[in-house]
>>> print(open('protein_13.pdb').read())   # PDB, C-alpha atoms
ATOM      1  CA  ASP A   1     228.075  57.412 129.762
ATOM      2  CA  ALA A   2     225.564  58.585 132.380
ATOM      3  CA  GLY A   3     228.125  60.720 134.153
ATOM      4  CA  VAL A   4     228.883  60.577 137.851
ATOM      5  CA  ILE A   5     225.922  59.185 139.771
ATOM      6  CA  GLN A   6     225.197  60.056 143.389
ATOM      7  CA  SER A   7     222.540  58.799 145.749
ATOM      8  CA  PRO A   8     220.493  59.829 147.523
ATOM      9  CA  ARG A   9     219.934  63.311 146.068
ATOM     10  CA  HIS A  10     218.439  64.540 149.325
ATOM     11  CA  GLU A  11     218.849  63.198 152.835
ATOM     12  CA  VAL A  12     217.210  64.497 155.987
ATOM     13  CA  THR A  13     218.226  62.853 159.228
ATOM     14  CA  GLU A  14     218.351  63.522 162.920
ATOM     15  CA  MET A  15     221.445  64.305 164.916
ATOM     16  CA  GLY A  16     223.257  61.184 165.995
ATOM     17  CA  GLN A  17     222.119  59.026 163.098
ATOM     18  CA  GLU A  18     224.471  57.380 160.640
ATOM     19  CA  VAL A  19     224.451  58.754 157.095
ATOM     20  CA  THR A  20     225.849  56.993 154.025
ATOM     21  CA  LEU A  21     226.323  58.787 150.741
ATOM     22  CA  ARG A  22     227.024  56.831 147.584
ATOM     23  CA  CYS A  23     228.848  57.543 144.349
ATOM     24  CA  LYS A  24     229.389  55.764 141.059
ATOM     25  CA  PRO A  25     232.198  57.388 139.029
ATOM     26  CA  ILE A  26     232.459  57.508 135.262
ATOM     27  CA  SER A  27     233.685  54.185 133.930
ATOM     28  CA  GLY A  28     237.406  54.207 133.231
ATOM     29  CA  HIS A  29     238.207  57.129 135.506
ATOM     30  CA  ASP A  30     241.042  56.353 137.888
ATOM     31  CA  TYR A  31     240.454  59.209 140.327
ATOM     32  CA  LEU A  32     237.492  59.829 142.622
ATOM     33  CA  PHE A  33     236.987  62.903 144.800
ATOM     34  CA  TRP A  34     234.566  63.781 147.603
ATOM     35  CA  TYR A  35     233.799  67.477 148.187
ATOM     36  CA  ARG A  36     231.599  69.377 150.616
ATOM     37  CA  GLN A  37     229.979  72.703 149.759
ATOM     38  CA  THR A  38     228.625  75.182 152.306
ATOM     39  CA  MET A  39     227.818  78.859 152.113
ATOM     40  CA  MET A  40     230.427  79.705 154.721
ATOM     41  CA  ARG A  41     233.354  77.641 153.453
ATOM     42  CA  GLY A  42     232.575  77.132 149.776
ATOM     43  CA  LEU A  43     233.809  73.941 148.097
ATOM     44  CA  GLU A  44     236.270  71.868 150.087
ATOM     45  CA  LEU A  45     237.966  68.635 149.108
ATOM     46  CA  LEU A  46     237.441  65.970 151.755
ATOM     47  CA  ILE A  47     239.307  62.980 150.316
ATOM     48  CA  TYR A  48     240.396  61.539 147.014
ATOM     49  CA  PHE A  49     241.214  58.071 145.693
ATOM     50  CA  ASN A  50     243.469  56.796 142.930
ATOM     51  CA  ASN A  51     242.706  53.291 141.677
ATOM     52  CA  ASN A  52     240.519  52.693 144.744
ATOM     53  CA  VAL A  53     243.290  53.673 147.182
ATOM     54  CA  PRO A  54     242.859  56.759 149.401
ATOM     55  CA  ILE A  55     245.617  59.227 148.521
ATOM     56  CA  ASP A  56     244.831  62.265 150.631
ATOM     57  CA  ASP A  57     242.246  62.434 153.405
ATOM     58  CA  SER A  58     243.570  65.582 155.048
ATOM     59  CA  GLY A  59     240.306  67.371 154.317
ATOM     60  CA  MET A  60     238.179  64.944 156.298
ATOM     61  CA  PRO A  61     236.971  67.115 159.162
ATOM     62  CA  GLU A  62     236.739  64.579 161.963
ATOM     63  CA  ASP A  63     236.893  60.899 162.771
ATOM     64  CA  ARG A  64     233.137  60.837 162.373
ATOM     65  CA  PHE A  65     233.750  60.951 158.627
ATOM     66  CA  SER A  66     234.979  57.916 156.716
ATOM     67  CA  ALA A  67     235.175  57.020 153.032
ATOM     68  CA  LYS A  68     235.684  53.772 151.200
ATOM     69  CA  MET A  69     236.110  52.666 147.628
ATOM     70  CA  PRO A  70     235.718  48.874 147.527
ATOM     71  CA  ASN A  71     235.933  48.755 143.728
ATOM     72  CA  ALA A  72     236.419  50.992 140.700
ATOM     73  CA  SER A  73     232.708  51.653 140.286
ATOM     74  CA  PHE A  74     231.562  52.484 143.804
ATOM     75  CA  SER A  75     232.462  54.715 146.724
ATOM     76  CA  THR A  76     230.771  55.668 149.979
ATOM     77  CA  LEU A  77     231.131  58.574 152.376
ATOM     78  CA  LYS A  78     229.837  57.816 155.838
ATOM     79  CA  ILE A  79     229.139  60.160 158.737
ATOM     80  CA  GLN A  80     228.626  58.543 162.119
ATOM     81  CA  PRO A  81     227.255  60.107 164.247
ATOM     82  CA  SER A  82     225.905  63.007 162.224
ATOM     83  CA  GLU A  83     225.653  66.535 163.619
ATOM     84  CA  PRO A  84     223.713  69.631 162.447
ATOM     85  CA  ARG A  85     226.963  71.290 161.326
ATOM     86  CA  ASP A  86     227.427  68.489 158.798
ATOM     87  CA  SER A  87     224.503  69.899 156.819
ATOM     88  CA  ALA A  88     225.859  70.708 153.370
ATOM     89  CA  VAL A  89     225.859  69.558 149.764
ATOM     90  CA  TYR A  90     228.277  66.701 149.193
ATOM     91  CA  PHE A  91     229.679  66.230 145.709
ATOM     92  CA  CYS A  92     231.473  63.302 144.188
ATOM     93  CA  ALA A  93     233.699  63.863 141.155
ATOM     94  CA  SER A  94     235.848  61.629 138.983
ATOM     95  CA  SER A  95     238.742  62.230 136.647
ATOM     96  CA  PRO A  96     240.584  60.065 134.107
ATOM     97  CA  GLY A  97     243.994  61.184 135.345
ATOM     98  CA  GLN A  98     246.060  64.002 136.785
ATOM     99  CA  THR A  99     247.730  65.417 133.709
ATOM    100  CA  SER A 100     247.540  69.134 133.057
ATOM    101  CA  THR A 101     244.636  68.568 130.669
ATOM    102  CA  ASP A 102     242.473  66.360 132.870
ATOM    103  CA  THR A 103     239.408  67.935 134.382
ATOM    104  CA  GLN A 104     237.076  66.606 137.045
ATOM    105  CA  TYR A 105     233.508  65.597 136.276
ATOM    106  CA  PHE A 106     231.050  66.298 139.062
ATOM    107  CA  GLY A 107     227.928  64.464 140.105
ATOM    108  CA  PRO A 108     224.698  66.310 140.961
ATOM    109  CA  GLY A 109     225.408  66.230 144.683
ATOM    110  CA  THR A 110     223.610  65.011 147.800
ATOM    111  CA  ARG A 111     221.960  67.702 149.906
ATOM    112  CA  LEU A 112     222.268  66.588 153.530
ATOM    113  CA  THR A 113     220.212  68.154 156.305
ATOM    114  CA  VAL A 114     220.888  67.073 159.876
ATOM    115  CA  LEU A 115     218.204  68.203 162.307
TER
ATOM    116  CA  LYS B   1     249.540  78.261 150.636
ATOM    117  CA  GLN B   2     247.466  78.787 147.511
ATOM    118  CA  GLU B   3     244.486  81.085 147.962
ATOM    119  CA  VAL B   4     241.937  81.777 145.254
ATOM    120  CA  THR B   5     239.765  84.880 145.254
ATOM    121  CA  GLN B   6     236.911  85.825 142.967
ATOM    122  CA  ILE B   7     235.544  89.324 142.681
ATOM    123  CA  PRO B   8     232.767  90.358 142.513
ATOM    124  CA  ALA B   9     230.735  87.855 144.506
ATOM    125  CA  ALA B  10     227.637  88.742 142.487
ATOM    126  CA  LEU B  11     226.973  90.502 139.209
ATOM    127  CA  SER B  12     223.766  91.518 137.447
ATOM    128  CA  VAL B  13     223.796  92.665 133.828
ATOM    129  CA  PRO B  14     221.240  93.210 131.070
ATOM    130  CA  GLU B  15     221.068  90.703 128.271
ATOM    131  CA  GLY B  16     223.523  91.318 125.441
ATOM    132  CA  GLU B  17     226.288  92.833 127.530
ATOM    133  CA  ASN B  18     229.847  91.601 127.375
ATOM    134  CA  LEU B  19     231.228  90.909 130.821
ATOM    135  CA  VAL B  20     234.382  89.838 132.638
ATOM    136  CA  LEU B  21     234.687  87.672 135.731
ATOM    137  CA  ASN B  22     237.895  87.809 137.727
ATOM    138  CA  CYS B  23     239.937  85.196 139.550
ATOM    139  CA  SER B  24     243.167  85.862 141.428
ATOM    140  CA  PHE B  25     245.569  83.427 143.050
ATOM    141  CA  THR B  26     248.516  83.861 145.384
ATOM    142  CA  ASP B  27     250.979  81.218 144.152
ATOM    143  CA  SER B  28     251.958  81.643 140.497
ATOM    144  CA  ALA B  29     253.521  78.156 140.288
ATOM    145  CA  ILE B  30     250.331  76.657 138.948
ATOM    146  CA  TYR B  31     249.713  73.491 136.953
ATOM    147  CA  ASN B  32     246.563  74.652 135.243
ATOM    148  CA  LEU B  33     243.474  76.753 135.958
ATOM    149  CA  GLN B  34     239.898  75.746 135.367
ATOM    150  CA  TRP B  35     236.609  77.599 135.139
ATOM    151  CA  PHE B  36     233.442  75.798 136.193
ATOM    152  CA  ARG B  37     229.775  76.681 136.011
ATOM    153  CA  GLN B  38     227.273  75.701 138.703
ATOM    154  CA  ASP B  39     223.528  75.992 138.196
ATOM    155  CA  PRO B  40     221.283  76.180 141.294
ATOM    156  CA  GLY B  41     220.868  72.744 142.861
ATOM    157  CA  LYS B  42     223.222  71.138 140.383
ATOM    158  CA  GLY B  43     226.792  69.942 140.230
ATOM    159  CA  LEU B  44     229.696  71.709 138.556
ATOM    160  CA  THR B  45     230.338  71.653 134.836
ATOM    161  CA  SER B  46     233.801  72.317 133.473
ATOM    162  CA  LEU B  47     233.834  75.203 131.005
ATOM    163  CA  LEU B  48     237.475  75.819 130.175
ATOM    164  CA  LEU B  49     240.846  74.512 131.289
ATOM    165  CA  ILE B  50     243.998  76.549 130.681
ATOM    166  CA  GLN B  51     247.318  74.805 131.046
ATOM    167  CA  SER B  52     250.104  76.762 132.711
ATOM    168  CA  SER B  53     251.910  77.144 129.376
ATOM    169  CA  GLN B  54     248.868  78.705 127.704
ATOM    170  CA  ARG B  55     247.639  82.291 127.730
ATOM    171  CA  GLU B  56     244.011  81.707 126.852
ATOM    172  CA  GLN B  57     241.329  79.249 125.847
ATOM    173  CA  THR B  58     238.127  79.840 123.929
ATOM    174  CA  SER B  59     234.856  77.955 123.727
ATOM    175  CA  GLY B  60     232.022  79.598 121.849
ATOM    176  CA  ARG B  61     231.175  82.901 123.559
ATOM    177  CA  LEU B  62     233.566  82.176 126.418
ATOM    178  CA  ASN B  63     237.204  83.176 126.555
ATOM    179  CA  ALA B  64     239.448  82.553 129.521
ATOM    180  CA  SER B  65     242.831  84.181 129.901
ATOM    181  CA  LEU B  66     245.697  83.427 132.243
ATOM    182  CA  ASP B  67     248.480  85.705 133.488
ATOM    183  CA  LYS B  68     250.625  83.717 135.885
ATOM    184  CA  SER B  69     253.005  86.564 136.655
ATOM    185  CA  SER B  70     250.227  88.713 138.049
ATOM    186  CA  GLY B  71     248.308  85.792 139.535
ATOM    187  CA  ARG B  72     245.128  86.498 137.581
ATOM    188  CA  SER B  73     242.662  84.861 135.253
ATOM    189  CA  THR B  74     239.618  86.339 133.608
ATOM    190  CA  LEU B  75     236.557  84.726 132.078
ATOM    191  CA  TYR B  76     235.077  86.838 129.309
ATOM    192  CA  ILE B  77     231.482  86.172 128.283
ATOM    193  CA  ALA B  78     230.394  87.803 125.036
ATOM    194  CA  ALA B  79     226.822  88.820 124.282
ATOM    195  CA  SER B  80     225.447  87.482 127.555
ATOM    196  CA  GLN B  81     222.122  85.626 127.605
ATOM    197  CA  PRO B  82     219.667  84.811 130.408
ATOM    198  CA  GLY B  83     220.784  81.187 130.098
ATOM    199  CA  ASP B  84     224.250  82.264 131.244
ATOM    200  CA  SER B  85     222.831  82.990 134.704
ATOM    201  CA  ALA B  86     224.708  80.717 137.115
ATOM    202  CA  THR B  87     227.609  80.713 139.560
ATOM    203  CA  TYR B  88     231.044  80.651 137.977
ATOM    204  CA  LEU B  89     233.971  79.197 139.920
ATOM    205  CA  CYS B  90     237.648  79.120 139.154
ATOM    206  CA  ALA B  91     239.868  76.387 140.557
ATOM    207  CA  LEU B  92     243.525  75.456 140.625
ATOM    208  CA  PRO B  93     245.117  72.132 141.543
ATOM    209  CA  LEU B  94     247.520  72.053 144.459
ATOM    210  CA  SER B  95     250.866  71.396 142.712
ATOM    211  CA  ASN B  96     250.168  68.554 140.289
ATOM    212  CA  THR B  97     247.876  66.705 142.642
ATOM    213  CA  GLY B  98     244.187  66.191 142.194
ATOM    214  CA  LYS B  99     243.367  68.615 144.994
ATOM    215  CA  LEU B 100     241.467  71.509 143.479
ATOM    216  CA  ILE B 101     241.400  74.803 145.394
ATOM    217  CA  PHE B 102     238.223  76.696 144.529
ATOM    218  CA  GLY B 103     237.359  80.352 144.667
ATOM    219  CA  GLN B 104     234.101  81.348 146.315
ATOM    220  CA  GLY B 105     232.494  81.974 142.939
ATOM    221  CA  THR B 106     230.741  84.829 141.174
ATOM    222  CA  THR B 107     226.973  84.541 140.875
ATOM    223  CA  LEU B 108     225.876  86.029 137.573
ATOM    224  CA  GLN B 109     222.363  87.126 136.718
ATOM    225  CA  VAL B 110     221.591  88.137 133.143
ATOM    226  CA  LYS B 111     218.293  89.978 132.923
ATOM    227  CA  PRO B 112     216.151  89.683 129.770
TER
END
>>> encode(input="protein_13.pdb", output="structure tokens")
Amino acid sequence: DAGVIQSPRHEVTEMGQEVTLRCKPISGHDYLFWYRQTMMRGLELLIYFNNNVPIDDSGMPEDRFSAKMPNASFSTLKIQPSEPRDSAVYFCASSPGQTSTDTQYFGPGTRLTVL
Amino acid sequence: KQEVTQIPAALSVPEGENLVLNCSFTDSAIYNLQWFRQDPGKGLTSLLLIQSSQREQTSGRLNASLDKSSGRSTLYIAASQPGDSATYLCALPLSNTGKLIFGQGTTLQVKP
């Protein structure tokens, strides 16, 4: 398997523009997670899905952020409108389950810069 | 509320040294504890996962221990190499959910 795939790897946009980040999880994994990493706050979970259904979105910072998972092989994280403080690295991760032995597999991340 | 702390934030050692990275957590009712490695500009790679019923896990030159009663885990790296240079993060799930709480990480530099 190719692992978790994220696109784009880098995104530079101007304040106010819409940004869409994409993720393809590992085939057969039932759980998908979106994280944000910044120097100040470290790694934070934004939202996670189980079988394409959002389970916990309490980490989504504002209504400007939304995430969807239309099928088992694709998820998007959208920011509209974007702001400079949204600049961060956004990671997608997937996991086969939530047993005590299941780990999460991370994608390479999307580095977002909002000017 | 579970809080995860890693000390030190950065560590520099000469090649060949054995070293220990520390992770502490506030709530001992944990499900498991994981150690991840992050290389610059890359995603996270899982190194070791210790279930709550276990005391330690080993993989090659890495050994992770877990002491729930004291709220601590250590990652021991034997005979460090320049290729071990990276940021090491520990993480715990919130109850038995998928929500991982991460420490801030320890950035390790191993000098040749």
>>> residues_near_point(input="protein_13.pdb", point="(238.6, 57.2, 134.9)", cutoff="7 Å", atoms="all atoms listed in the file", output="PyMOL selection string")
chain A and resi 26-31+94-97
>>> closest_atom_pairs(input="protein_13.pdb", of="chain B", to="chain A", cutoff="7 Å", atoms="only C-alpha atoms", output="tab-separated table")
residue	atom	partner	partner_atom	distance
B:Tyr31	CA	A:Ser100	CA	6.2
B:Asn32	CA	A:Ser100	CA	6.0
B:Lys42	CA	A:Pro108	CA	5.1
B:Gly43	CA	A:Pro108	CA	4.3
B:Leu44	CA	A:Phe106	CA	5.6
B:Thr45	CA	A:Phe106	CA	6.9
B:Gln51	CA	A:Ser100	CA	6.0
B:Thr97	CA	A:Gln98	CA	6.7
B:Gly98	CA	A:Gln98	CA	6.1
B:Lys99	CA	A:Leu45	CA	6.8
B:Phe102	CA	A:Leu43	CA	6.3
B:Gln104	CA	A:Gly42	CA	5.7
>>> write_last_selection(input="protein_13.pdb", atoms="C-alpha atoms", output="CSV table (one decimal), keeping the file's coordinate frame")
chain,number,residue,atom,x,y,z
B,31,TYR,CA,249.7,73.5,137.0
B,32,ASN,CA,246.6,74.7,135.2
B,42,LYS,CA,223.2,71.1,140.4
B,43,GLY,CA,226.8,69.9,140.2
B,44,LEU,CA,229.7,71.7,138.6
B,45,THR,CA,230.3,71.7,134.8
B,51,GLN,CA,247.3,74.8,131.0
B,97,THR,CA,247.9,66.7,142.6
B,98,GLY,CA,244.2,66.2,142.2
B,99,LYS,CA,243.4,68.6,145.0
B,102,PHE,CA,238.2,76.7,144.5
B,104,GLN,CA,234.1,81.3,146.3
>>> atom_distance(input="protein_13.pdb", atom1="atom CA of B:Tyr76", atom2="atom CA of B:Lys111")
17.5 Å
>>> residues_around(input="protein_13.pdb", residues="A:Leu21", least_positions_apart="3", cutoff="9 Å", atoms="all atoms listed in the file", output="PyMOL selection string")
chain A and resi 6-8+11+75-79+90+110
>>> write_last_selection(input="protein_13.pdb", atoms="C-alpha atoms", output="PDB file, keeping the file's coordinate frame")
ATOM      1  CA  GLN A   6     225.197  60.056 143.389  1.00  0.00           C
ATOM      2  CA  SER A   7     222.540  58.799 145.749  1.00  0.00           C
ATOM      3  CA  PRO A   8     220.493  59.829 147.523  1.00  0.00           C
ATOM      4  CA  GLU A  11     218.849  63.198 152.835  1.00  0.00           C
ATOM      5  CA  SER A  75     232.462  54.715 146.724  1.00  0.00           C
ATOM      6  CA  THR A  76     230.771  55.668 149.979  1.00  0.00           C
ATOM      7  CA  LEU A  77     231.131  58.574 152.376  1.00  0.00           C
ATOM      8  CA  LYS A  78     229.837  57.816 155.838  1.00  0.00           C
ATOM      9  CA  ILE A  79     229.139  60.160 158.737  1.00  0.00           C
ATOM     10  CA  TYR A  90     228.277  66.701 149.193  1.00  0.00           C
ATOM     11  CA  THR A 110     223.610  65.011 147.800  1.00  0.00           C
TER      12      THR A 110
END
>>> residues_around(input="protein_13.pdb", residues="stretch 12-28 of chain B", least_positions_apart="6", cutoff="7 Å", atoms="only C-alpha atoms", output="VMD selection string")
chain B and resid 2 to 6 68 to 69 71 to 82 90 108 to 112
>>> atom_distance(input="protein_13.pdb", atom1="atom CA of A:Ser58", atom2="atom CA of B:Ser95")
15.5 Å
>>> residues_around(input="protein_13.pdb", residues="B:Gln34", least_positions_apart="4", cutoff="7 Å", atoms="all atoms listed in the file", output="list in words")
Leu48, Leu49, Ile50, Cys90, Ala91 and Leu92 of chain B
>>> atom_distance(input="protein_13.pdb", atom1="atom CA of A:Ala2", atom2="atom CA of A:Ser73")
12.7 Å
>>> residues_around(input="protein_13.pdb", residues="stretch 80-86 of chain A", least_positions_apart="3", cutoff="10 Å", atoms="all atoms listed in the file", output="list in words")
Thr13, Glu14, Met15, Gly16, Gln17, Glu18, Val19, Thr20, Arg36, Thr38, Pro61, Asp63, Arg64, Phe65, Ser66, Val89, Tyr90, Leu112, Thr113, Val114 and Leu115 of chain A
>>> axis_aligned_box(input="protein_13.pdb", around="stretch 23-26 of chain B", padding_each_side="8 Å", output="JSON")
{"center_x": 244.2, "center_y": 84.6, "center_z": 142.5, "size_x": 24.6, "size_y": 18.4, "size_z": 21.8}
>>> closest_residue(input="protein_13.pdb", among="A:Ala72, A:Ser87, A:Val12, A:Cys23", to="A:Asn51", atoms="all atoms listed in the file")
A:Ala72
>>> closest_residue(input="protein_13.pdb", among="B:Thr58, B:Ser65, B:Pro8, B:Ile30", to="B:Leu100", atoms="all atoms listed in the file")
B:Ile30
>>> residues_near_point(input="protein_13.pdb", point="(228.7, 74.9, 134.7)", cutoff="9 Å", atoms="only C-alpha atoms", output="list in words")
Trp35, Phe36, Arg37, Gln38, Asp39, Lys42, Gly43, Leu44, Thr45, Ser46, Leu47, Ala86, Thr87, Tyr88 and Leu89 of chain B
